[in-house]
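Chemist: There's a structure below that I have some questions on.
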Amino acid sequence: MHHPGNIALITDSTCDIPTPLLERYCIRFIPLVLIWGGEPYRDRVDIQPDEFYRRLAAGGPLPTSSQPRAEDFVHLLEQVIDEGAQEAIILPLSSQLSGTIISARQAAEMVDIPVHVVDSRTGGMALGW
């Protein structure tokens, strides 16, 4: 994936940006992990939003979530560097809702390009916008 202006834009799976727009604007995301019935699912990778909402509607125990690890961000940052990114902006879910930003900040220190981590102070489609 080419990065316009050699700047990679990275968010997380809570952004609710439709896949065609993620692809059109070269936006990458880190999946949060949903724990449902003891099984881990990477959001928007192993479980899609429509299945998530079907399971919620069916009732039963609610899922919990787990923030991505710094290593997950490092892996994605290394991918975008290999694709030509010379800088990255990471815009994760609000620090008030998740520790995702902590993992992103740790990862920013582990790569050889400037990485700007910005607290979105929001989530869902507001993050997408």
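Residue numbering restarts at 1 in every chain; chains get A, B, ... in the order shown in the structure tokens, and ligands count up from 1 in that same order.
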If you count only C-alpha atoms, which residues fall within 9 Å of Val117 in chain A, apart from same-chain ones fewer than 4 positions away, as a PyMOL selection string?

Modeler: chain A and resi 88-92+101+104-105+108

Chemist: Please dump the current selection as a PDB file, in the first residue's frame; keep N, CA and C atoms.

Modeler:
ATOM      1  N   ALA A  88       4.883   8.571  10.678  1.00  0.00           N
ATOM      2  CA  ALA A  88       3.579   7.976  10.939  1.00  0.00           C
ATOM      3  C   ALA A  88       2.820   8.810  11.966  1.00  0.00           C
ATOM      4  N   ILE A  89       1.509   8.809  11.799  1.00  0.00           N
ATOM      5  CA  ILE A  89       0.599   9.414  12.767  1.00  0.00           C
ATOM      6  C   ILE A  89      -0.298   8.284  13.270  1.00  0.00           C
ATOM      7  N   ILE A  90      -0.343   8.115  14.578  1.00  0.00           N
ATOM      8  CA  ILE A  90      -1.219   7.109  15.179  1.00  0.00           C
ATOM      9  C   ILE A  90      -2.301   7.849  15.958  1.00  0.00           C
ATOM     10  N   LEU A  91      -3.556   7.586  15.599  1.00  0.00           N
ATOM     11  CA  LEU A  91      -4.704   8.233  16.222  1.00  0.00           C
ATOM     12  C   LEU A  91      -5.606   7.142  16.805  1.00  0.00           C
ATOM     13  N   PRO A  92      -5.338   6.728  18.063  1.00  0.00           N
ATOM     14  CA  PRO A  92      -6.118   5.633  18.667  1.00  0.00           C
ATOM     15  C   PRO A  92      -7.334   6.124  19.449  1.00  0.00           C
ATOM     16  N   ILE A 101      -3.413   3.776  23.629  1.00  0.00           N
ATOM     17  CA  ILE A 101      -2.463   4.861  23.383  1.00  0.00           C
ATOM     18  C   ILE A 101      -1.115   4.592  24.062  1.00  0.00           C
ATOM     19  N   ALA A 104       0.775   2.358  21.790  1.00  0.00           N
ATOM     20  CA  ALA A 104       1.213   3.125  20.619  1.00  0.00           C
ATOM     21  C   ALA A 104       2.429   3.987  20.955  1.00  0.00           C
ATOM     22  N   ARG A 105       2.403   4.620  22.119  1.00  0.00           N
ATOM     23  CA  ARG A 105       3.538   5.471  22.526  1.00  0.00           C
ATOM     24  C   ARG A 105       4.802   4.639  22.752  1.00  0.00           C
ATOM     25  N   ALA A 108       6.189   3.768  19.360  1.00  0.00           N
ATOM     26  CA  ALA A 108       6.780   4.934  18.689  1.00  0.00           C
ATOM     27  C   ALA A 108       8.258   5.080  19.026  1.00  0.00           C
TER      28      ALA A 108
END

Chemist: Listing only residues of range 56-118 of chain A within 9 Å of range 5-24 of chain A, what is the closest atom pair and its distance in Å (to one decimal) for each, using only C-alpha atoms, sorted by chain and residue number ascending, as JSON lines?

Modeler:
{"residue": "A:Pro68", "atom": "CA", "partner": "A:Asp12", "partner_atom": "CA", "distance": 8.9}
{"residue": "A:Leu76", "atom": "CA", "partner": "A:Ile10", "partner_atom": "CA", "distance": 8.8}
{"residue": "A:Leu77", "atom": "CA", "partner": "A:Ala8", "partner_atom": "CA", "distance": 8.5}
{"residue": "A:Val80", "atom": "CA", "partner": "A:Ala8", "partner_atom": "CA", "distance": 6.6}
{"residue": "A:Ile81", "atom": "CA", "partner": "A:Ala8", "partner_atom": "CA", "distance": 8.5}
{"residue": "A:Glu83", "atom": "CA", "partner": "A:Asn6", "partner_atom": "CA", "distance": 8.9}
{"residue": "A:Gly84", "atom": "CA", "partner": "A:Asn6", "partner_atom": "CA", "distance": 6.1}
{"residue": "A:Ala85", "atom": "CA", "partner": "A:Asn6", "partner_atom": "CA", "distance": 4.4}
{"residue": "A:Gln86", "atom": "CA", "partner": "A:Asn6", "partner_atom": "CA", "distance": 5.3}
{"residue": "A:Glu87", "atom": "CA", "partner": "A:Ile7", "partner_atom": "CA", "distance": 4.8}
{"residue": "A:Ala88", "atom": "CA", "partner": "A:Ala8", "partner_atom": "CA", "distance": 4.5}
{"residue": "A:Ile89", "atom": "CA", "partner": "A:Leu9", "partner_atom": "CA", "distance": 5.1}
{"residue": "A:Ile90", "atom": "CA", "partner": "A:Ile10", "partner_atom": "CA", "distance": 4.7}
{"residue": "A:Leu91", "atom": "CA", "partner": "A:Thr11", "partner_atom": "CA", "distance": 4.8}
{"residue": "A:Pro92", "atom": "CA", "partner": "A:Thr11", "partner_atom": "CA", "distance": 5.0}
{"residue": "A:Leu93", "atom": "CA", "partner": "A:Asp12", "partner_atom": "CA", "distance": 6.8}
{"residue": "A:Thr100", "atom": "CA", "partner": "A:Asp12", "partner_atom": "CA", "distance": 8.4}

Chemist: Would you export the selected residues with N, CA and C atoms as a PDB file, in the first residue's frame, please?

Modeler:
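Contents of the output file selection_1.pdb:
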ATOM      1  N   PRO A  68      -4.308  -3.551  22.143  1.00  0.00           N
ATOM      2  CA  PRO A  68      -3.203  -4.134  21.393  1.00  0.00           C
ATOM      3  C   PRO A  68      -1.893  -3.977  22.166  1.00  0.00           C
ATOM      4  N   LEU A  76       3.181  -3.317  12.672  1.00  0.00           N
ATOM      5  CA  LEU A  76       2.515  -2.521  11.644  1.00  0.00           C
ATOM      6  C   LEU A  76       3.397  -1.360  11.199  1.00  0.00           C
ATOM      7  N   LEU A  77       4.072  -0.720  12.139  1.00  0.00           N
ATOM      8  CA  LEU A  77       4.982   0.371  11.770  1.00  0.00           C
ATOM      9  C   LEU A  77       6.103  -0.130  10.871  1.00  0.00           C
ATOM     10  N   VAL A  80       4.677  -0.456   7.341  1.00  0.00           N
ATOM     11  CA  VAL A  80       4.514   0.794   6.594  1.00  0.00           C
ATOM     12  C   VAL A  80       5.870   1.406   6.236  1.00  0.00           C
ATOM     13  N   ILE A  81       6.884   1.187   7.076  1.00  0.00           N
ATOM     14  CA  ILE A  81       8.239   1.650   6.739  1.00  0.00           C
ATOM     15  C   ILE A  81       8.730   0.909   5.501  1.00  0.00           C
ATOM     16  N   GLU A  83       6.966  -0.189   3.209  1.00  0.00           N
ATOM     17  CA  GLU A  83       6.168   0.295   2.082  1.00  0.00           C
ATOM     18  C   GLU A  83       6.502   1.736   1.703  1.00  0.00           C
ATOM     19  N   GLY A  84       7.460   2.347   2.410  1.00  0.00           N
ATOM     20  CA  GLY A  84       7.905   3.678   2.029  1.00  0.00           C
ATOM     21  C   GLY A  84       7.545   4.809   2.968  1.00  0.00           C
ATOM     22  N   ALA A  85       6.852   4.520   4.055  1.00  0.00           N
ATOM     23  CA  ALA A  85       6.500   5.593   4.993  1.00  0.00           C
ATOM     24  C   ALA A  85       7.771   6.119   5.668  1.00  0.00           C
ATOM     25  N   GLN A  86       7.864   7.436   5.747  1.00  0.00           N
ATOM     26  CA  GLN A  86       8.996   8.074   6.414  1.00  0.00           C
ATOM     27  C   GLN A  86       8.584   8.708   7.739  1.00  0.00           C
ATOM     28  N   GLU A  87       7.303   8.673   8.002  1.00  0.00           N
ATOM     29  CA  GLU A  87       6.742   9.242   9.221  1.00  0.00           C
ATOM     30  C   GLU A  87       5.393   8.565   9.439  1.00  0.00           C
ATOM     31  N   ALA A  88       4.883   8.571  10.678  1.00  0.00           N
ATOM     32  CA  ALA A  88       3.579   7.976  10.939  1.00  0.00           C
ATOM     33  C   ALA A  88       2.820   8.810  11.966  1.00  0.00           C
ATOM     34  N   ILE A  89       1.509   8.809  11.799  1.00  0.00           N
ATOM     35  CA  ILE A  89       0.599   9.414  12.767  1.00  0.00           C
ATOM     36  C   ILE A  89      -0.298   8.284  13.270  1.00  0.00           C
ATOM     37  N   ILE A  90      -0.343   8.115  14.578  1.00  0.00           N
ATOM     38  CA  ILE A  90      -1.219   7.109  15.179  1.00  0.00           C
ATOM     39  C   ILE A  90      -2.301   7.849  15.958  1.00  0.00           C
ATOM     40  N   LEU A  91      -3.556   7.586  15.599  1.00  0.00           N
ATOM     41  CA  LEU A  91      -4.704   8.233  16.222  1.00  0.00           C
ATOM     42  C   LEU A  91      -5.606   7.142  16.805  1.00  0.00           C
ATOM     43  N   PRO A  92      -5.338   6.728  18.063  1.00  0.00           N
ATOM     44  CA  PRO A  92      -6.118   5.633  18.667  1.00  0.00           C
ATOM     45  C   PRO A  92      -7.334   6.124  19.449  1.00  0.00           C
ATOM     46  N   LEU A  93      -8.101   5.156  19.902  1.00  0.00           N
ATOM     47  CA  LEU A  93      -9.227   5.363  20.801  1.00  0.00           C
ATOM     48  C   LEU A  93      -8.791   6.224  21.988  1.00  0.00           C
ATOM     49  N   THR A 100      -4.829   1.668  24.783  1.00  0.00           N
ATOM     50  CA  THR A 100      -4.235   1.505  23.455  1.00  0.00           C
ATOM     51  C   THR A 100      -3.168   2.558  23.192  1.00  0.00           C
TER      52      THR A 100
END

Chemist: Distance CA of Pro63 in chain A-CA of Ala107 in chain A, one decimal place?

Modeler: 26.5 Å

Chemist: For the structure I just gave you, how does DSSP split chain A - specifically, which residues are strand (DSSP E)? Reply as a PyMOL selection string.

Modeler: chain A and resi 7-12+27-30+33-36+39-42+64-66+87-90+115-117

Chemist: Residues at most 8 Å from range 44-57 of chain A, counting only C-alpha atoms, excluding those fewer than 3 positions away in the same chain, as a PyMOL selection string?

Modeler: chain A and resi 13+31+41+60+62

Chemist: In Å, with one decimal, what is the gap from CA of Val111 in chain A to CA of Glu78 in chain A?

Modeler: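 The value is 7.5 Å.
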
Chemist: For a quick check of understanding, using only C-alpha atoms, which of A:Arg69, A:Tyr25, A:Ser94, A:Val74 has the smallest distance to Ile113 in chain A?

Modeler: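 Using only C-alpha atoms, Ile113 in chain A sits closest to A:Val74.
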
Chemist: May I have all residues of chain A that DSSP, computed from the backbone, assigns to alpha helix (DSSP H), given as a ChimeraX atom specification?

Modeler: /A:19-24,49-57,70-82,100-108,124-128
